[in-house]
Amino acid sequence: MDRKLTNYDLFKAALKSFFIQSSWNFERMQALGFAYCISNALKNIYTDQVLLKNSLIRHLEFFNTNPYLAPTIAGVVLNWEEKHAISKDNSIDSSSLKARLMGPFGAIGDSLFWATFRPLIGILGFILAFIEIKEAPILFLIIYNIPTFGIRFYGLFKGYQLGPSIIEEIKKINLNLFMARMKEISCFLLGLSLGIYALSPNFQIAKDSLPLNFILCLVLICILILLLRKKLSPITLIYFIAVACIGLKYI
Amino acid sequence: MIKNLLITSIVGGLIGLDRTAIFQTMISQPIVAAPVMGLLLGNFAYGIAVGIVLQLIWLPSLQIGAAIVCNSTLASVLVTASTIEVSNSLSQPDGSFTSIAAFSIFLGLPLLIFEQKLDILVRKANAFWVKEAEKLITDGKISLIGITNLSGSIFFFIKNFVFLLVSTIVITTVINKSYFFLPVNFNEGFKLFFVLMPLLGIAVVLESVLVKRNYIYFFSGILTTIVLKLILENR
């Protein structure tokens, strides 16, 4: 199939994906952002203004997915829009394909990025800042954004190249194992965080006794986890701790 | 004070856009947002301390679909700015920073609950831009879709700006007027509260990732710090 889109068109679409949530709303969620993301590319696909308008209006339907994987869906949609423009086959319906992809990609992206990768790098940033590395914020940003930027751009290019068969490529990756490993590393880093906290001179609960400090920290962590499992929110616990600390100083 | 207020509201408002509206590069995380504000307001150390305390607490909170979670970005900007402003105006020694920061967190949290309501209003209002985009496309003005899309982020920015402006004034005024009337035990209690906050953050993240098979990794982490400390001490 002759390509209508150049690498530059795809690159511009990937850049525009950074604004996919600019007009997020409850009615159509990311729809306008998605339409904006692929608008320039669609102008190159459809020379007929009526077809272009119809395509853009279709892409203003409800759409919501993980923002890092949305460019992959954009690439797949552009692949199908191009096929539709060339073959003029109306059975090629990129809107319904987009609707079928957004749920699974949202689930994958949210589990992978929000629930696993961001906490892992967040804990690492916390540790780096705690051990007084001044560049901690910059290191956190670099480590977090290299893979996420990569996935945005690579995902869009691959989605355009492979179309819907990209789903088969994603199935080959053992994401569950990958996420399990990241959670193991997160737990190790949390243990490191607790150890560094208990040993830090600025954060001593029991002064002059490191073993007692460790034990107190572990006991407090257990109590807090138990309270969290009783569905108490972090905000409630913050006030609970504040009141308890003030009360302790009166004893 | 007005200059610092404007810096807080404008820069904080822009950083807050990263959370939802644009980029999602995590510059909105407390570990970045708080030090950035600290640097701009003349005290990087206070910023980083606030970032450390607030970083983990809302890390596992997932803003998925229509869920609106507590805005940790605005929390970190607000607490950093209020703390620096109050510390400067009261000319307190550095040791009082922790009680002032803890007091800011204490006062700021109810305001964050109000901010969630504002966020919901902004997201409802943004539906206007989709309808505008449909009209523009129908009229053939396709090149204006970009401006229409970005206009949604203007609503988010205005919300962040107004919230930070009002909240910083409120918290700074309340602390300035009440700090010297607080009993000593309150201040000491707030200092202890600030010390314990990172533990809460660790507990929150641990609760979301700790399953039975991961206990070994958690305790290995603790053991690693003890071993490293012994090695460094015996050098």
# chains A, B, ... in the order shown; residues from 1 in each chain; ligands from 1

call {"tool": "closest_atom_pairs", "arguments": {"of": "stretch 150-214 of chain A", "to": "stretch 78-83 of chain A", "cutoff": "9 Å", "atoms": "only C-alpha atoms", "output": "Markdown table"}}
result
| residue | atom | partner | partner_atom | distance |
| --- | --- | --- | --- | --- |
| A:Gly159 | CA | A:Asn79 | CA | 7.4 |
| A:Tyr160 | CA | A:Asn79 | CA | 4.8 |
| A:Gln161 | CA | A:Asn79 | CA | 7.1 |
| A:Leu162 | CA | A:Asn79 | CA | 7.8 |
| A:Gly163 | CA | A:Asn79 | CA | 5.5 |
| A:Pro164 | CA | A:Trp80 | CA | 8.5 |

call {"tool": "write_last_selection", "arguments": {"atoms": "N, CA, C and O atoms", "output": "PDB file, in the first residue's frame"}}
result
ATOM      1  N   GLY A 159       1.966   1.546  15.464  1.00  0.00           N
ATOM      2  CA  GLY A 159       0.522   1.435  15.229  1.00  0.00           C
ATOM      3  C   GLY A 159       0.178   1.747  13.781  1.00  0.00           C
ATOM      4  O   GLY A 159      -0.629   1.050  13.163  1.00  0.00           O
ATOM      5  N   TYR A 160       0.814   2.760  13.240  1.00  0.00           N
ATOM      6  CA  TYR A 160       0.601   3.128  11.832  1.00  0.00           C
ATOM      7  C   TYR A 160       1.154   2.029  10.909  1.00  0.00           C
ATOM      8  O   TYR A 160       0.536   1.668   9.911  1.00  0.00           O
ATOM      9  N   GLN A 161       2.322   1.502  11.260  1.00  0.00           N
ATOM     10  CA  GLN A 161       2.971   0.492  10.408  1.00  0.00           C
ATOM     11  C   GLN A 161       2.163  -0.812  10.407  1.00  0.00           C
ATOM     12  O   GLN A 161       1.936  -1.402   9.370  1.00  0.00           O
ATOM     13  N   LEU A 162       1.732  -1.263  11.600  1.00  0.00           N
ATOM     14  CA  LEU A 162       1.129  -2.591  11.707  1.00  0.00           C
ATOM     15  C   LEU A 162      -0.406  -2.571  11.681  1.00  0.00           C
ATOM     16  O   LEU A 162      -1.023  -3.614  11.440  1.00  0.00           O
ATOM     17  N   GLY A 163      -1.012  -1.428  12.000  1.00  0.00           N
ATOM     18  CA  GLY A 163      -2.465  -1.383  12.076  1.00  0.00           C
ATOM     19  C   GLY A 163      -2.954  -2.239  13.246  1.00  0.00           C
ATOM     20  O   GLY A 163      -2.243  -2.377  14.246  1.00  0.00           O
ATOM     21  N   PRO A 164      -4.144  -2.854  13.136  1.00  0.00           N
ATOM     22  CA  PRO A 164      -4.703  -3.626  14.250  1.00  0.00           C
ATOM     23  C   PRO A 164      -3.852  -4.827  14.658  1.00  0.00           C
ATOM     24  O   PRO A 164      -3.982  -5.318  15.783  1.00  0.00           O
TER      25      PRO A 164
END

call {"tool": "residues_around", "arguments": {"residues": "stretch 115-119 of chain B", "least_positions_apart": "2", "cutoff": "7 Å", "atoms": "only C-alpha atoms", "output": "MDAnalysis selection string"}}
result
chainID B and resid 68 70 111:113 121:123 159

call {"tool": "write_last_selection", "arguments": {"atoms": "all heavy atoms", "output": "tab-separated table (two decimals), in the first residue's frame"}}
result
chain	number	residue	atom	x	y	z
B	68	ILE	N	-11.82	11.61	40.35
B	68	ILE	CA	-11.05	12.81	40.66
B	68	ILE	C	-10.38	12.56	42.02
B	68	ILE	O	-11.06	12.37	43.02
B	68	ILE	CB	-11.97	14.06	40.76
B	68	ILE	CG1	-12.84	14.19	39.51
B	68	ILE	CG2	-11.15	15.31	41.02
B	68	ILE	CD1	-12.11	14.49	38.25
B	70	CYS	N	-7.24	13.52	45.02
B	70	CYS	CA	-6.66	14.70	45.67
B	70	CYS	C	-5.48	15.23	44.85
B	70	CYS	O	-4.66	14.46	44.37
B	70	CYS	CB	-6.19	14.27	47.06
B	70	CYS	SG	-5.91	15.67	48.11
B	111	LEU	N	-8.97	22.51	52.03
B	111	LEU	CA	-9.02	23.31	50.80
B	111	LEU	C	-8.85	22.41	49.57
B	111	LEU	O	-9.43	22.68	48.51
B	111	LEU	CB	-7.92	24.38	50.82
B	111	LEU	CG	-8.07	25.42	51.94
B	111	LEU	CD1	-6.84	26.32	52.00
B	111	LEU	CD2	-9.32	26.26	51.73
B	112	LEU	N	-8.09	21.34	49.71
B	112	LEU	CA	-7.90	20.41	48.59
B	112	LEU	C	-9.19	19.67	48.27
B	112	LEU	O	-9.44	19.34	47.10
B	112	LEU	CB	-6.79	19.40	48.91
B	112	LEU	CG	-5.39	19.98	48.93
B	112	LEU	CD1	-4.39	18.93	49.40
B	112	LEU	CD2	-4.98	20.47	47.56
B	113	ILE	N	-9.99	19.43	49.29
B	113	ILE	CA	-11.28	18.78	49.05
B	113	ILE	C	-12.16	19.72	48.24
B	113	ILE	O	-12.86	19.31	47.30
B	113	ILE	CB	-11.94	18.38	50.39
B	113	ILE	CG1	-11.09	17.31	51.08
B	113	ILE	CG2	-13.36	17.86	50.18
B	113	ILE	CD1	-11.45	17.02	52.50
B	121	LEU	N	-16.04	20.94	38.18
B	121	LEU	CA	-16.71	22.02	37.43
B	121	LEU	C	-15.98	22.33	36.12
B	121	LEU	O	-16.60	22.51	35.07
B	121	LEU	CB	-16.75	23.31	38.27
B	121	LEU	CG	-17.82	23.38	39.35
B	121	LEU	CD1	-17.64	24.64	40.19
B	121	LEU	CD2	-19.22	23.36	38.72
B	122	VAL	N	-14.64	22.38	36.19
B	122	VAL	CA	-13.83	22.66	35.00
B	122	VAL	C	-14.05	21.58	33.95
B	122	VAL	O	-14.22	21.85	32.76
B	122	VAL	CB	-12.33	22.77	35.36
B	122	VAL	CG1	-11.45	22.73	34.12
B	122	VAL	CG2	-12.07	24.04	36.14
B	123	ARG	N	-14.06	20.32	34.39
B	123	ARG	CA	-14.23	19.22	33.44
B	123	ARG	C	-15.63	19.24	32.82
B	123	ARG	O	-15.79	18.88	31.65
B	123	ARG	CB	-13.98	17.89	34.14
B	123	ARG	CG	-12.50	17.67	34.46
B	123	ARG	CD	-12.29	16.60	35.50
B	123	ARG	NE	-10.94	16.62	36.01
B	123	ARG	CZ	-9.96	15.79	35.64
B	123	ARG	NH1	-10.22	14.85	34.75
B	123	ARG	NH2	-8.75	15.88	36.14
B	159	LYS	N	-8.41	27.71	37.03
B	159	LYS	CA	-8.81	27.04	38.29
B	159	LYS	C	-7.62	26.92	39.23
B	159	LYS	O	-7.70	27.25	40.41
B	159	LYS	CB	-9.38	25.66	37.95
B	159	LYS	CG	-9.86	24.83	39.14
B	159	LYS	CD	-8.86	23.82	39.66
B	159	LYS	CE	-8.55	22.74	38.64
B	159	LYS	NZ	-7.58	21.76	39.15

call {"tool": "atom_distance", "arguments": {"atom1": "atom CA of B:Thr98", "atom2": "atom CA of B:Phe194"}}
result
6.0 Å

call {"tool": "residues_around", "arguments": {"residues": "B:Gly221", "least_positions_apart": "2", "cutoff": "9 Å", "atoms": "only C-alpha atoms", "output": "PyMOL selection string"}}
result
(chain A and resi 187-195) or (chain B and resi 216-219+223-226)

call {"tool": "write_last_selection", "arguments": {"atoms": "N, CA, C and O atoms", "output": "PDB file, in the first residue's frame"}}
result
ATOM      1  N   CYS A 187       8.893  -2.923  46.266  1.00  0.00           N
ATOM      2  CA  CYS A 187       8.900  -3.387  47.666  1.00  0.00           C
ATOM      3  C   CYS A 187      10.308  -3.297  48.243  1.00  0.00           C
ATOM      4  O   CYS A 187      10.492  -2.884  49.402  1.00  0.00           O
ATOM      5  N   PHE A 188      11.303  -3.679  47.441  1.00  0.00           N
ATOM      6  CA  PHE A 188      12.700  -3.577  47.900  1.00  0.00           C
ATOM      7  C   PHE A 188      13.055  -2.117  48.187  1.00  0.00           C
ATOM      8  O   PHE A 188      13.639  -1.792  49.225  1.00  0.00           O
ATOM      9  N   LEU A 189      12.665  -1.226  47.282  1.00  0.00           N
ATOM     10  CA  LEU A 189      12.963   0.200  47.460  1.00  0.00           C
ATOM     11  C   LEU A 189      12.221   0.778  48.665  1.00  0.00           C
ATOM     12  O   LEU A 189      12.733   1.658  49.357  1.00  0.00           O
ATOM     13  N   LEU A 190      11.005   0.265  48.930  1.00  0.00           N
ATOM     14  CA  LEU A 190      10.267   0.719  50.110  1.00  0.00           C
ATOM     15  C   LEU A 190      10.984   0.271  51.385  1.00  0.00           C
ATOM     16  O   LEU A 190      11.012   1.013  52.372  1.00  0.00           O
ATOM     17  N   GLY A 191      11.548  -0.945  51.342  1.00  0.00           N
ATOM     18  CA  GLY A 191      12.348  -1.404  52.479  1.00  0.00           C
ATOM     19  C   GLY A 191      13.566  -0.509  52.670  1.00  0.00           C
ATOM     20  O   GLY A 191      13.893  -0.107  53.798  1.00  0.00           O
ATOM     21  N   LEU A 192      14.208  -0.155  51.552  1.00  0.00           N
ATOM     22  CA  LEU A 192      15.357   0.774  51.593  1.00  0.00           C
ATOM     23  C   LEU A 192      14.908   2.119  52.189  1.00  0.00           C
ATOM     24  O   LEU A 192      15.601   2.702  53.022  1.00  0.00           O
ATOM     25  N   SER A 193      13.734   2.603  51.737  1.00  0.00           N
ATOM     26  CA  SER A 193      13.208   3.900  52.213  1.00  0.00           C
ATOM     27  C   SER A 193      13.031   3.858  53.722  1.00  0.00           C
ATOM     28  O   SER A 193      13.414   4.803  54.429  1.00  0.00           O
ATOM     29  N   LEU A 194      12.422   2.771  54.198  1.00  0.00           N
ATOM     30  CA  LEU A 194      12.168   2.666  55.638  1.00  0.00           C
ATOM     31  C   LEU A 194      13.480   2.605  56.405  1.00  0.00           C
ATOM     32  O   LEU A 194      13.629   3.240  57.451  1.00  0.00           O
ATOM     33  N   GLY A 195      14.435   1.842  55.864  1.00  0.00           N
ATOM     34  CA  GLY A 195      15.740   1.747  56.513  1.00  0.00           C
ATOM     35  C   GLY A 195      16.450   3.093  56.567  1.00  0.00           C
ATOM     36  O   GLY A 195      16.963   3.498  57.622  1.00  0.00           O
TER      37      GLY A 195
ATOM     38  N   ILE B 216       9.648 -10.621  51.233  1.00  0.00           N
ATOM     39  CA  ILE B 216      11.089 -10.889  51.258  1.00  0.00           C
ATOM     40  C   ILE B 216      11.867  -9.717  50.649  1.00  0.00           C
ATOM     41  O   ILE B 216      12.934  -9.351  51.132  1.00  0.00           O
ATOM     42  N   TYR B 217      11.302  -9.101  49.617  1.00  0.00           N
ATOM     43  CA  TYR B 217      11.994  -7.972  48.985  1.00  0.00           C
ATOM     44  C   TYR B 217      11.983  -6.755  49.908  1.00  0.00           C
ATOM     45  O   TYR B 217      12.969  -6.028  50.005  1.00  0.00           O
ATOM     46  N   PHE B 218      10.851  -6.558  50.582  1.00  0.00           N
ATOM     47  CA  PHE B 218      10.723  -5.436  51.515  1.00  0.00           C
ATOM     48  C   PHE B 218      11.751  -5.560  52.634  1.00  0.00           C
ATOM     49  O   PHE B 218      12.508  -4.626  52.914  1.00  0.00           O
ATOM     50  N   PHE B 219      11.814  -6.737  53.246  1.00  0.00           N
ATOM     51  CA  PHE B 219      12.760  -6.915  54.355  1.00  0.00           C
ATOM     52  C   PHE B 219      14.202  -6.948  53.872  1.00  0.00           C
ATOM     53  O   PHE B 219      15.116  -6.550  54.598  1.00  0.00           O
ATOM     54  N   LEU B 223      17.239  -4.718  55.349  1.00  0.00           N
ATOM     55  CA  LEU B 223      18.523  -5.368  55.694  1.00  0.00           C
ATOM     56  C   LEU B 223      19.689  -4.719  54.943  1.00  0.00           C
ATOM     57  O   LEU B 223      20.777  -4.530  55.499  1.00  0.00           O
ATOM     58  N   THR B 224      19.437  -4.375  53.684  1.00  0.00           N
ATOM     59  CA  THR B 224      20.480  -3.747  52.851  1.00  0.00           C
ATOM     60  C   THR B 224      20.933  -2.430  53.468  1.00  0.00           C
ATOM     61  O   THR B 224      22.133  -2.145  53.514  1.00  0.00           O
ATOM     62  N   THR B 225      19.983  -1.626  53.987  1.00  0.00           N
ATOM     63  CA  THR B 225      20.391  -0.343  54.581  1.00  0.00           C
ATOM     64  C   THR B 225      21.209  -0.589  55.853  1.00  0.00           C
ATOM     65  O   THR B 225      22.186   0.127  56.100  1.00  0.00           O
ATOM     66  N   ILE B 226      20.822  -1.599  56.636  1.00  0.00           N
ATOM     67  CA  ILE B 226      21.569  -1.890  57.873  1.00  0.00           C
ATOM     68  C   ILE B 226      22.986  -2.332  57.530  1.00  0.00           C
ATOM     69  O   ILE B 226      23.969  -1.849  58.123  1.00  0.00           O
TER      70      ILE B 226
END

call {"tool": "residues_around", "arguments": {"residues": "A:Ala35", "least_positions_apart": "2", "cutoff": "10 Å", "atoms": "only C-alpha atoms", "output": "mmCIF file with N, CA, C and O atoms, in the first residue's frame"}}
result
data_model
loop_
_atom_site.group_PDB
_atom_site.id
_atom_site.type_symbol
_atom_site.label_atom_id
_atom_site.label_comp_id
_atom_site.auth_asym_id
_atom_site.auth_seq_id
_atom_site.Cartn_x
_atom_site.Cartn_y
_atom_site.Cartn_z
ATOM 1 N N SER A 17 0.144 14.470 20.692
ATOM 2 C CA SER A 17 -0.459 13.564 21.682
ATOM 3 C C SER A 17 -0.203 14.047 23.104
ATOM 4 O O SER A 17 -0.891 13.626 24.032
ATOM 5 N N ILE A 20 -3.396 15.576 24.482
ATOM 6 C CA ILE A 20 -4.597 14.781 24.252
ATOM 7 C C ILE A 20 -5.636 14.968 25.355
ATOM 8 O O ILE A 20 -6.811 14.669 25.163
ATOM 9 N N GLN A 30 -11.384 12.318 26.208
ATOM 10 C CA GLN A 30 -10.231 12.751 25.408
ATOM 11 C C GLN A 30 -10.548 12.981 23.929
ATOM 12 O O GLN A 30 -9.645 13.161 23.116
ATOM 13 N N ALA A 31 -11.822 12.949 23.568
ATOM 14 C CA ALA A 31 -12.203 12.950 22.145
ATOM 15 C C ALA A 31 -11.601 14.109 21.361
ATOM 16 O O ALA A 31 -11.000 13.913 20.296
ATOM 17 N N LEU A 32 -11.737 15.335 21.888
ATOM 18 C CA LEU A 32 -11.240 16.493 21.132
ATOM 19 C C LEU A 32 -9.726 16.440 21.009
ATOM 20 O O LEU A 32 -9.162 16.724 19.949
ATOM 21 N N GLY A 33 -9.068 16.030 22.089
ATOM 22 C CA GLY A 33 -7.608 15.904 22.062
ATOM 23 C C GLY A 33 -7.154 14.887 21.025
ATOM 24 O O GLY A 33 -6.167 15.092 20.320
ATOM 25 N N CYS A 37 -4.973 15.457 17.712
ATOM 26 C CA CYS A 37 -3.725 14.690 17.526
ATOM 27 C C CYS A 37 -3.585 14.213 16.077
ATOM 28 O O CYS A 37 -2.517 14.288 15.491
ATOM 29 N N ILE A 38 -4.705 13.716 15.496
ATOM 30 C CA ILE A 38 -4.605 13.129 14.153
ATOM 31 C C ILE A 38 -5.068 14.078 13.045
ATOM 32 O O ILE A 38 -5.076 13.696 11.867
ATOM 33 N N SER A 39 -5.442 15.323 13.403
ATOM 34 C CA SER A 39 -6.073 16.226 12.415
ATOM 35 C C SER A 39 -5.150 16.532 11.233
ATOM 36 O O SER A 39 -5.576 16.454 10.073
ATOM 37 N N ASN A 40 -3.885 16.874 11.514
ATOM 38 C CA ASN A 40 -2.964 17.207 10.416
ATOM 39 C C ASN A 40 -2.735 16.020 9.502
ATOM 40 O O ASN A 40 -2.674 16.162 8.273
ATOM 41 N N LEU A 42 -4.774 13.534 9.006
ATOM 42 C CA LEU A 42 -5.999 13.276 8.227
ATOM 43 C C LEU A 42 -6.098 14.240 7.040
ATOM 44 O O LEU A 42 -6.610 13.871 5.975
ATOM 45 N N SER A 55 -14.660 12.502 8.738
ATOM 46 C CA SER A 55 -13.720 11.726 9.548
ATOM 47 C C SER A 55 -13.472 12.410 10.889
ATOM 48 O O SER A 55 -13.506 11.765 11.943
ATOM 49 N N LEU A 56 -13.242 13.718 10.849
ATOM 50 C CA LEU A 56 -12.969 14.439 12.101
ATOM 51 C C LEU A 56 -14.182 14.439 13.028
ATOM 52 O O LEU A 56 -14.037 14.268 14.244
ATOM 53 N N ILE A 57 -15.365 14.610 12.462
ATOM 54 C CA ILE A 57 -16.584 14.594 13.292
ATOM 55 C C ILE A 57 -16.742 13.223 13.956
ATOM 56 O O ILE A 57 -17.082 13.114 15.134
ATOM 57 N N ARG A 58 -16.443 12.163 13.187
ATOM 58 C CA ARG A 58 -16.519 10.795 13.759
ATOM 59 C C ARG A 58 -15.559 10.676 14.942
ATOM 60 O O ARG A 58 -15.873 10.033 15.940
ATOM 61 N N HIS A 59 -14.391 11.277 14.829
ATOM 62 C CA HIS A 59 -13.387 11.132 15.885
ATOM 63 C C HIS A 59 -13.630 12.053 17.069
ATOM 64 O O HIS A 59 -12.842 12.046 18.020
ATOM 65 N N LEU A 60 -14.719 12.817 17.029
ATOM 66 C CA LEU A 60 -15.134 13.580 18.212
ATOM 67 C C LEU A 60 -16.084 12.783 19.094
ATOM 68 O O LEU A 60 -16.611 13.297 20.071
ATOM 69 N N GLU A 61 -16.279 11.502 18.754
ATOM 70 C CA GLU A 61 -17.086 10.644 19.627
ATOM 71 C C GLU A 61 -16.265 10.329 20.882
ATOM 72 O O GLU A 61 -15.044 10.453 20.892
ATOM 73 N N PHE A 63 -14.033 9.120 23.705
ATOM 74 C CA PHE A 63 -12.774 8.378 23.667
ATOM 75 C C PHE A 63 -12.027 8.622 24.967
ATOM 76 O O PHE A 63 -11.912 9.766 25.424
ATOM 77 N N ALA A 74 -3.821 6.058 17.946
ATOM 78 C CA ALA A 74 -3.823 7.063 16.871
ATOM 79 C C ALA A 74 -3.141 6.513 15.620
ATOM 80 O O ALA A 74 -3.627 6.688 14.499
ATOM 81 N N ALA B 133 -15.718 22.744 18.637
ATOM 82 C CA ALA B 133 -14.912 22.066 17.623
ATOM 83 C C ALA B 133 -15.797 21.473 16.527
ATOM 84 O O ALA B 133 -15.466 21.547 15.335
ATOM 85 N N ILE B 145 -9.009 23.703 15.310
ATOM 86 C CA ILE B 145 -9.239 22.630 16.302
ATOM 87 C C ILE B 145 -8.182 22.706 17.396
ATOM 88 O O ILE B 145 -8.473 22.499 18.580
ATOM 89 N N GLY B 146 -6.937 23.009 17.009
ATOM 90 C CA GLY B 146 -5.841 23.059 17.972
ATOM 91 C C GLY B 146 -6.098 24.073 19.069
ATOM 92 O O GLY B 146 -5.949 23.780 20.260
ATOM 93 N N ASN B 149 -8.896 22.920 21.346
ATOM 94 C CA ASN B 149 -8.432 21.894 22.281
ATOM 95 C C ASN B 149 -7.627 22.521 23.420
ATOM 96 O O ASN B 149 -7.846 22.217 24.594
#

call {"tool": "closest_residue", "arguments": {"among": "B:Ile15, B:Val53, B:Ile22, B:Ile2", "to": "chain A", "atoms": "only C-alpha atoms"}}
result
B:Ile22

call {"tool": "closest_residue", "arguments": {"among": "A:Tyr46, A:Tyr8, A:Tyr144, A:Phe178", "to": "chain B", "atoms": "only C-alpha atoms"}}
result
A:Tyr144

call {"tool": "closest_residue", "arguments": {"among": "A:Phe34, A:Leu237, A:Leu156, A:Leu5", "to": "A:Ser95", "atoms": "only C-alpha atoms"}}
result
A:Phe34

call {"tool": "residues_around", "arguments": {"residues": "A:Ala129", "least_positions_apart": "6", "cutoff": "8 Å", "atoms": "only C-alpha atoms", "output": "ChimeraX atom specification"}}
result
/A:135-137 /B:31,48,52

call {"tool": "select_by_dssp", "arguments": {"residues": "stretch 24-208 of chain B", "states": "helix (DSSP H, G or I)", "output": "PyMOL selection string"}}
result
chain B and resi 30-40+44-55+72-90+94-125+127-138+142-181+184-208

call {"tool": "residues_around", "arguments": {"residues": "B:Gly47", "least_positions_apart": "4", "cutoff": "9 Å", "atoms": "only C-alpha atoms", "output": "JSON, numbers by chain"}}
result
{"B": [31, 32, 33, 34, 35, 36, 37, 38, 39, 43, 51, 52, 76, 77, 79, 80, 81, 84]}

call {"tool": "closest_residue", "arguments": {"among": "B:Ser96, B:Ser89, B:Thr20, B:Ser72", "to": "B:Met1", "atoms": "only C-alpha atoms"}}
result
B:Ser89

call {"tool": "decode", "arguments": {"residues": "stretch 113-166 of chain B", "atoms": "C-alpha atoms", "output": "short mmCIF file (atom, residue, chain, number, x, y, z; two decimals), in the first residue's frame"}}
result
data_model
loop_
_atom_site.label_atom_id
_atom_site.label_comp_id
_atom_site.auth_asym_id
_atom_site.auth_seq_id
_atom_site.Cartn_x
_atom_site.Cartn_y
_atom_site.Cartn_z
CA ILE B 113 -11.28 18.78 49.05
CA PHE B 114 -12.82 22.03 47.80
CA GLU B 115 -10.34 22.00 44.86
CA GLN B 116 -11.71 18.61 43.78
CA LYS B 117 -15.16 20.22 43.42
CA LEU B 118 -13.62 23.01 41.30
CA ASP B 119 -11.87 20.39 39.14
CA ILE B 120 -15.20 18.67 38.50
CA LEU B 121 -16.71 22.02 37.43
CA VAL B 122 -13.83 22.66 35.00
CA ARG B 123 -14.23 19.22 33.44
CA LYS B 124 -17.96 19.79 33.00
CA ALA B 125 -17.26 23.21 31.45
CA ASN B 126 -14.77 21.72 28.98
CA ALA B 127 -17.62 19.97 27.15
CA PHE B 128 -18.21 23.44 25.61
CA TRP B 129 -14.99 23.11 23.58
CA VAL B 130 -16.05 19.84 21.95
CA LYS B 131 -19.26 21.43 20.71
CA GLU B 132 -17.26 24.42 19.46
CA ALA B 133 -14.91 22.07 17.62
CA GLU B 134 -17.87 20.34 15.93
CA LYS B 135 -19.14 23.74 14.69
CA LEU B 136 -15.68 24.71 13.45
CA ILE B 137 -15.20 21.43 11.57
CA THR B 138 -18.66 21.72 9.99
CA ASP B 139 -17.78 25.29 8.90
CA GLY B 140 -14.52 24.06 7.40
CA LYS B 141 -12.30 25.85 9.95
CA ILE B 142 -10.30 22.73 10.70
CA SER B 143 -7.06 24.54 11.56
CA LEU B 144 -8.78 26.05 14.62
CA ILE B 145 -9.24 22.63 16.30
CA GLY B 146 -5.84 23.06 17.97
CA ILE B 147 -6.76 26.35 19.65
CA THR B 148 -10.12 24.91 20.71
CA ASN B 149 -8.43 21.89 22.28
CA LEU B 150 -5.84 24.02 24.10
CA SER B 151 -8.58 26.34 25.39
CA GLY B 152 -9.59 23.53 27.71
CA SER B 153 -6.24 23.80 29.43
CA ILE B 154 -6.88 27.53 29.96
CA PHE B 155 -9.86 26.56 32.13
CA PHE B 156 -7.63 24.19 34.10
CA PHE B 157 -4.99 26.93 34.51
CA ILE B 158 -7.52 29.53 35.71
CA LYS B 159 -8.81 27.04 38.29
CA ASN B 160 -5.26 26.30 39.52
CA PHE B 161 -4.32 29.99 39.57
CA VAL B 162 -7.37 31.14 41.53
CA PHE B 163 -7.15 28.21 43.95
CA LEU B 164 -3.45 28.81 44.70
CA LEU B 165 -3.88 32.57 45.02
CA VAL B 166 -6.77 32.36 47.46
#
